[in-house]
Every structure is written in C-alpha cells, then in structure tokens.
Amino acid sequence: MRVLGIETSCDETGVAVYDTAAGLRAHALHSQVALHAEYGGVVPELASRDHVRRLLPLVRQVLAEAGLRPADLDGVAYTAGPGLVGALMVGAAAGRALAWALDVPAVAVHHMEGHLLAPMLEDPALKPPFVALLVSGGHTQLVQVRAVGDYELLGETLDDAAGEAFDKTAKLMGLPYPGGPELARLAERGRPGRFRFARPMTDRPGLDFSFSGLKTQVLLAWQGSDQSGQTRADLARGFEEAVVDTLAIKCARALDRTGADTLVVAGGVGANRRLREKLQALAAERGARVRFPRPAFCTDNGAMIAFAGALRLQAGQREPAAVTVTPRWDM
Ligand code: KG4
Ligand code: ZN
C-alpha cells in the first residue's frame, strides 16, 4: 500500500510517500521559518497562504522522486489536528480532494500520533510496547504505547511545553526566531556549572512537568548579569541542562513504573544533542534501549504522517464524508 502523507499543521509544509512493503519512498519539506522570522513567531494567516502555495508543487516533487504517478497511490493521509485551524484546512482540503479524484481512501492523522510513531518509520524492528517521550513546541508528554492506537498518557506539562520553554527563553535573551535550535547551538559554547537552575517537579513523585518557571529564573539571571556573549552562552547551557535533566529523570521514572525496556523520543526537542546523549546514557545504565528518529523526522514532516496514515489504513480506518479539522485534540 502506497500512502501519500500531508503535514500542514503549523509552519512546515511536509509531503511524503510511504510504501508498506518498501518503506519510505520519498519526502520533501518546505519550512516557513524565513517567512515568519520578522514577526518573531508564526503568523497563522501567512502560514495558511504559504501552505496553499507550496503544497501541490511538493506533492508533484515527491511523486517524481518516488518514480510514481498519482494513480499509483492507494491512500492519502493528512494531519487533521492539533494545530492552526487555517493551516490544517489546507492539508485536509487538498488531501481529501486528491483522494476523491483518485478514488482512494483518505485518513485523518493526529499530529502527535505521527510524532509518536516516527521512531518506527525507519526501524522496522522497533515495535510496541514502549514508553514514548513526546517533546515538541506544543506538547510535552510521556505516553505508554501498548500497541498502535493503544496509548495511555502517563504525564504531561502543566504549563509550557519543553520546546516552548526553549523558544521563550531564547527570545528573552534576544536570540533570533526560531529560538530553540539557536539556544541549543549557543549552549554548546556555554560553560557548565556557572548557572544552575531548578529541575522542576522532580522532588515529588509523578510524571507531570512544569517548565514555565524556568524561563523566569533565566530572565532574572539574565537581567542581573553583564549580558555579555559568554554569559548568554553560560545561561543557555544552564537552562538546557535543567530541561534535559528534568526530562531524563521523568523518563527513568516512566520506565520504572511501566517496566518497559524501550524508550522512544519524538518531537522537535528530540533533535537536541544533549538530550539524545543523556537518554542514551540513561538507557545504557539500565539495560534498556532508546530510539530516536533522525533529527529531520523529529521536527514536523510529512513522512511521519504518511507512516501513521498507512498503519491506520491497513487497520481498515476510513474517513467520514465531512472534511473536518480539530485544532485542539487529545490523542
Ligand atoms: O515537533 P516540532 O517541529 O513542532 C511542533 O509540533 O511543535 O517542534 C518544534 C519545537 C520548537 O519549540 C523548537 O524550538 C524545538 O522543537 N527544537 C529544539 C531543537 N530543535 C527544535 N529544541 C531544543 N534543541 C533543539 N536542537
Ligand atoms: Zn510537531
């Protein structure tokens, strides 16, 4: 079964073809980072318009790269939420129209399920059960995955998501948008130990997170500092270590609680080098294993939507006649 995947929930237009027999056939991404940079964040109306402009050329490009004609597709998967409603509507409308014209089934995919299953995309040996850490700009969750479609939320953030904390902290220190990766780059030059911030909610039991206090701590430290380049790097280092340690402590707890021997990590913050190293070390210590998608499939992409959609179509899921998107949607 060859499934076209379409991702337009935020500021990346992603398209891919996943083949259940041959794996990922092709994928392409257009990032709108440059478009939104001057506003310091994503402008929803501009995002929708750009998805309209980019989507069909990307579909054409992906089909050409895969050596496929539209008629070779057996299904179309699109992100139906959560995300920006106008942006989601672009992918939903295009996906449903394509599926109708090709007389193949369409399937609405939950964006976070796409992230959750992304580690399996290029690792056929990886199968549930496992514990997943989902760390993106909008979500921070620990999920027990018993089977595809059988998920239990173990814990989540009570305020800011981990990626959001990276972005907001970067912004308050004057780093350009999008701040998360920029802050992580800066932290590479930062000296460990100069700033030590709290590891929020690790001193009590439970698997929930809270990251909003951390940015306030960084803000106060930044305001009281000489605001030099080295200080900024040192602060970035202290902040990154606090987030990474906090995530690692909760991952260890989630493995203990569930008895799982596999941890998978997905979402944009999963691209963070220090987090990857820390979780690798943690897993090695306990004889567990940790799996990450490659960094390009940690952040938003069409491949994870094609993959999740293929699994859902294989399981017999089909769409109702109405085209709907769900800007806020629990998995
Ligand atoms: O999954 P994603 O691409 O989009 C959402 O669904 O949110 O995640 C984007 C988030 C942003 O907050 C971004 O700052 C963060 O992931 N991010 C990083 C890194 N790369 C992306 N955060 C820390 N370190 C990175 N290397
Ligand atoms: Zn995402």
# chains A, B, ... in the order shown; residues from 1 in each chain; ligands from 1
>>> closest_atom_pairs(of="chain A", to="ligand 1", cutoff="9 Å", atoms="only C-alpha atoms and all ligand atoms", output="JSON lines")
{"residue": "A:Ser9", "atom": "CA", "partner": "ligand 1", "partner_atom_place_in_ligand_line": "6 (O)", "distance": 7.9}
{"residue": "A:Cys10", "atom": "CA", "partner": "ligand 1", "partner_atom_place_in_ligand_line": "6 (O)", "distance": 7.3}
{"residue": "A:Asp11", "atom": "CA", "partner": "ligand 1", "partner_atom_place_in_ligand_line": "4 (O)", "distance": 8.4}
{"residue": "A:Glu12", "atom": "CA", "partner": "ligand 1", "partner_atom_place_in_ligand_line": "3 (O)", "distance": 8.2}
{"residue": "A:Pro82", "atom": "CA", "partner": "ligand 1", "partner_atom_place_in_ligand_line": "6 (O)", "distance": 8.8}
{"residue": "A:Gly83", "atom": "CA", "partner": "ligand 1", "partner_atom_place_in_ligand_line": "6 (O)", "distance": 8.0}
{"residue": "A:His111", "atom": "CA", "partner": "ligand 1", "partner_atom_place_in_ligand_line": "6 (O)", "distance": 7.5}
{"residue": "A:Met112", "atom": "CA", "partner": "ligand 1", "partner_atom_place_in_ligand_line": "6 (O)", "distance": 7.6}
{"residue": "A:His115", "atom": "CA", "partner": "ligand 1", "partner_atom_place_in_ligand_line": "1 (O)", "distance": 7.2}
{"residue": "A:Leu134", "atom": "CA", "partner": "ligand 1", "partner_atom_place_in_ligand_line": "1 (O)", "distance": 8.5}
{"residue": "A:Val135", "atom": "CA", "partner": "ligand 1", "partner_atom_place_in_ligand_line": "1 (O)", "distance": 7.1}
{"residue": "A:Ser136", "atom": "CA", "partner": "ligand 1", "partner_atom_place_in_ligand_line": "8 (O)", "distance": 3.9}
{"residue": "A:Gly137", "atom": "CA", "partner": "ligand 1", "partner_atom_place_in_ligand_line": "7 (O)", "distance": 3.2}
{"residue": "A:Gly138", "atom": "CA", "partner": "ligand 1", "partner_atom_place_in_ligand_line": "7 (O)", "distance": 4.6}
{"residue": "A:His139", "atom": "CA", "partner": "ligand 1", "partner_atom_place_in_ligand_line": "7 (O)", "distance": 6.8}
{"residue": "A:Ala161", "atom": "CA", "partner": "ligand 1", "partner_atom_place_in_ligand_line": "12 (O)", "distance": 7.9}
{"residue": "A:Ala162", "atom": "CA", "partner": "ligand 1", "partner_atom_place_in_ligand_line": "12 (O)", "distance": 7.1}
{"residue": "A:Gly163", "atom": "CA", "partner": "ligand 1", "partner_atom_place_in_ligand_line": "12 (O)", "distance": 3.3}
{"residue": "A:Glu164", "atom": "CA", "partner": "ligand 1", "partner_atom_place_in_ligand_line": "12 (O)", "distance": 4.7}
{"residue": "A:Ala165", "atom": "CA", "partner": "ligand 1", "partner_atom_place_in_ligand_line": "12 (O)", "distance": 7.4}
{"residue": "A:Phe166", "atom": "CA", "partner": "ligand 1", "partner_atom_place_in_ligand_line": "14 (O)", "distance": 5.6}
{"residue": "A:Asp167", "atom": "CA", "partner": "ligand 1", "partner_atom_place_in_ligand_line": "14 (O)", "distance": 5.1}
{"residue": "A:Lys168", "atom": "CA", "partner": "ligand 1", "partner_atom_place_in_ligand_line": "12 (O)", "distance": 8.7}
{"residue": "A:Ala170", "atom": "CA", "partner": "ligand 1", "partner_atom_place_in_ligand_line": "14 (O)", "distance": 8.9}
{"residue": "A:Tyr177", "atom": "CA", "partner": "ligand 1", "partner_atom_place_in_ligand_line": "14 (O)", "distance": 8.8}
{"residue": "A:Pro178", "atom": "CA", "partner": "ligand 1", "partner_atom_place_in_ligand_line": "14 (O)", "distance": 6.1}
{"residue": "A:Gly179", "atom": "CA", "partner": "ligand 1", "partner_atom_place_in_ligand_line": "14 (O)", "distance": 5.6}
{"residue": "A:Gly180", "atom": "CA", "partner": "ligand 1", "partner_atom_place_in_ligand_line": "14 (O)", "distance": 3.2}
{"residue": "A:Pro181", "atom": "CA", "partner": "ligand 1", "partner_atom_place_in_ligand_line": "25 (C)", "distance": 4.1}
{"residue": "A:Glu182", "atom": "CA", "partner": "ligand 1", "partner_atom_place_in_ligand_line": "26 (N)", "distance": 7.6}
{"residue": "A:Leu183", "atom": "CA", "partner": "ligand 1", "partner_atom_place_in_ligand_line": "24 (N)", "distance": 7.2}
{"residue": "A:Ala184", "atom": "CA", "partner": "ligand 1", "partner_atom_place_in_ligand_line": "24 (N)", "distance": 5.0}
{"residue": "A:Arg185", "atom": "CA", "partner": "ligand 1", "partner_atom_place_in_ligand_line": "26 (N)", "distance": 7.4}
{"residue": "A:Glu240", "atom": "CA", "partner": "ligand 1", "partner_atom_place_in_ligand_line": "23 (C)", "distance": 8.0}
{"residue": "A:Ala266", "atom": "CA", "partner": "ligand 1", "partner_atom_place_in_ligand_line": "1 (O)", "distance": 7.6}
{"residue": "A:Gly267", "atom": "CA", "partner": "ligand 1", "partner_atom_place_in_ligand_line": "1 (O)", "distance": 3.9}
{"residue": "A:Gly268", "atom": "CA", "partner": "ligand 1", "partner_atom_place_in_ligand_line": "8 (O)", "distance": 3.3}
{"residue": "A:Val269", "atom": "CA", "partner": "ligand 1", "partner_atom_place_in_ligand_line": "22 (N)", "distance": 4.0}
{"residue": "A:Gly270", "atom": "CA", "partner": "ligand 1", "partner_atom_place_in_ligand_line": "19 (C)", "distance": 6.9}
{"residue": "A:Ala271", "atom": "CA", "partner": "ligand 1", "partner_atom_place_in_ligand_line": "26 (N)", "distance": 4.7}
{"residue": "A:Asn272", "atom": "CA", "partner": "ligand 1", "partner_atom_place_in_ligand_line": "26 (N)", "distance": 3.6}
{"residue": "A:Arg273", "atom": "CA", "partner": "ligand 1", "partner_atom_place_in_ligand_line": "26 (N)", "distance": 6.4}
{"residue": "A:Arg274", "atom": "CA", "partner": "ligand 1", "partner_atom_place_in_ligand_line": "24 (N)", "distance": 8.3}
{"residue": "A:Leu275", "atom": "CA", "partner": "ligand 1", "partner_atom_place_in_ligand_line": "24 (N)", "distance": 8.2}
{"residue": "A:Pro295", "atom": "CA", "partner": "ligand 1", "partner_atom_place_in_ligand_line": "20 (N)", "distance": 8.1}
{"residue": "A:Ala296", "atom": "CA", "partner": "ligand 1", "partner_atom_place_in_ligand_line": "3 (O)", "distance": 8.9}
{"residue": "A:Phe297", "atom": "CA", "partner": "ligand 1", "partner_atom_place_in_ligand_line": "3 (O)", "distance": 8.6}
{"residue": "A:Cys298", "atom": "CA", "partner": "ligand 1", "partner_atom_place_in_ligand_line": "1 (O)", "distance": 6.2}
{"residue": "A:Thr299", "atom": "CA", "partner": "ligand 1", "partner_atom_place_in_ligand_line": "3 (O)", "distance": 3.3}
{"residue": "A:Asp300", "atom": "CA", "partner": "ligand 1", "partner_atom_place_in_ligand_line": "3 (O)", "distance": 4.1}
{"residue": "A:Asn301", "atom": "CA", "partner": "ligand 1", "partner_atom_place_in_ligand_line": "3 (O)", "distance": 7.8}
>>> write_last_selection(atoms="C-alpha atoms", output="JSON list (two decimals), in the first residue's frame")
[["chain", "number", "residue", "atom", "x", "y", "z"],
["A", 9, "SER", "CA", -0.44, 21.87, 10.98],
["A", 10, "CYS", "CA", 1.92, 24.76, 11.64],
["A", 11, "ASP", "CA", 4.79, 26.34, 9.71],
["A", 12, "GLU", "CA", 6.18, 23.42, 7.70],
["A", 82, "PRO", "CA", -3.97, 19.56, 16.64],
["A", 83, "GLY", "CA", -2.62, 22.76, 15.08],
["A", 111, "HIS", "CA", -0.21, 15.12, 14.52],
["A", 112, "MET", "CA", 1.11, 13.79, 17.83],
["A", 115, "HIS", "CA", 5.42, 12.14, 16.10],
["A", 134, "LEU", "CA", 6.94, 13.47, 23.07],
["A", 135, "VAL", "CA", 8.69, 16.82, 23.27],
["A", 136, "SER", "CA", 7.63, 19.44, 20.76],
["A", 137, "GLY", "CA", 6.79, 23.13, 20.66],
["A", 138, "GLY", "CA", 3.22, 22.44, 21.71],
["A", 139, "HIS", "CA", 3.43, 19.26, 23.78],
["A", 161, "ALA", "CA", 5.93, 22.61, 26.56],
["A", 162, "ALA", "CA", 9.67, 21.89, 26.56],
["A", 163, "GLY", "CA", 10.12, 23.35, 23.06],
["A", 164, "GLU", "CA", 8.07, 26.38, 24.01],
["A", 165, "ALA", "CA", 10.34, 26.89, 27.04],
["A", 166, "PHE", "CA", 13.38, 26.75, 24.72],
["A", 167, "ASP", "CA", 11.78, 29.25, 22.33],
["A", 168, "LYS", "CA", 10.62, 31.69, 25.02],
["A", 170, "ALA", "CA", 15.81, 32.19, 23.66],
["A", 177, "TYR", "CA", 13.44, 33.20, 15.93],
["A", 178, "PRO", "CA", 13.13, 30.22, 16.00],
["A", 179, "GLY", "CA", 14.95, 30.24, 19.28],
["A", 180, "GLY", "CA", 15.09, 26.60, 20.37],
["A", 181, "PRO", "CA", 17.77, 25.29, 17.99],
["A", 182, "GLU", "CA", 19.61, 28.62, 18.27],
["A", 183, "LEU", "CA", 19.71, 28.36, 22.06],
["A", 184, "ALA", "CA", 20.92, 24.76, 21.82],
["A", 185, "ARG", "CA", 23.73, 25.88, 19.49],
["A", 240, "GLU", "CA", 19.47, 23.34, 28.61],
["A", 266, "ALA", "CA", 9.95, 12.18, 19.28],
["A", 267, "GLY", "CA", 9.06, 15.79, 18.57],
["A", 268, "GLY", "CA", 11.28, 18.76, 17.75],
["A", 269, "VAL", "CA", 13.19, 18.80, 21.06],
["A", 270, "GLY", "CA", 14.19, 15.20, 20.29],
["A", 271, "ALA", "CA", 16.66, 16.78, 17.87],
["A", 272, "ASN", "CA", 18.55, 18.22, 20.85],
["A", 273, "ARG", "CA", 22.03, 16.70, 21.02],
["A", 274, "ARG", "CA", 22.44, 16.88, 24.79],
["A", 275, "LEU", "CA", 19.03, 15.23, 25.34],
["A", 295, "PRO", "CA", 16.62, 14.79, 13.52],
["A", 296, "ALA", "CA", 14.70, 15.67, 10.30],
["A", 297, "PHE", "CA", 11.90, 13.32, 11.38],
["A", 298, "CYS", "CA", 11.89, 14.64, 14.97],
["A", 299, "THR", "CA", 10.59, 18.01, 13.79],
["A", 300, "ASP", "CA", 7.41, 18.32, 11.74],
["A", 301, "ASN", "CA", 7.46, 16.35, 8.48]]
>>> residues_around(residues="Gly229 (chain A)", least_positions_apart="5", cutoff="10 Å", atoms="only C-alpha atoms", output="PyMOL selection string")
chain A and resi 186+189-190+234-235
>>> atom_distance(atom1="CA of Pro105 (chain A)", atom2="CA of Gly75 (chain A)")
5.0 Å
>>> closest_residue(among="A:Pro70, A:Gly238, A:Gly91, A:Gly114", to="ligand 2", atoms="only C-alpha atoms and all ligand atoms")
A:Gly114
>>> closest_residue(among="A:Thr324, A:Gln314, A:Gln227, A:Thr202", to="Arg2 (chain A)", atoms="only C-alpha atoms")
A:Gln314
>>> select_by_dssp(residues="region 83-164 of chain A", states="strand (DSSP E or B)", output="list of chain:residue names")
A:Ala106, A:Val107, A:Ala108, A:Val109, A:His110, A:Phe130, A:Val131, A:Ala132, A:Leu133, A:Leu134, A:Val135, A:Thr140, A:Gln141, A:Leu142, A:Val143, A:Gln144, A:Val145, A:Arg146, A:Ala147, A:Asp150, A:Tyr151, A:Glu152, A:Leu153, A:Leu154, A:Gly155, A:Glu156, A:Thr157
>>> atom_distance(atom1="CA of Leu153 (chain A)", atom2="CA of Met331 (chain A)")
8.7 Å
>>> residues_around(residues="His36 (chain A)", least_positions_apart="4", cutoff="9 Å", atoms="only C-alpha atoms", output="VMD selection string")
chain A and resid 11 32 40 to 43 46 to 47 177
>>> closest_residue(among="A:Ile6, A:Leu63, A:Ala22, A:Leu247", to="Met89 (chain A)", atoms="only C-alpha atoms")
A:Ile6
>>> atom_distance(atom1="CA of Pro200 (chain A)", atom2="CA of Leu142 (chain A)")
15.7 Å
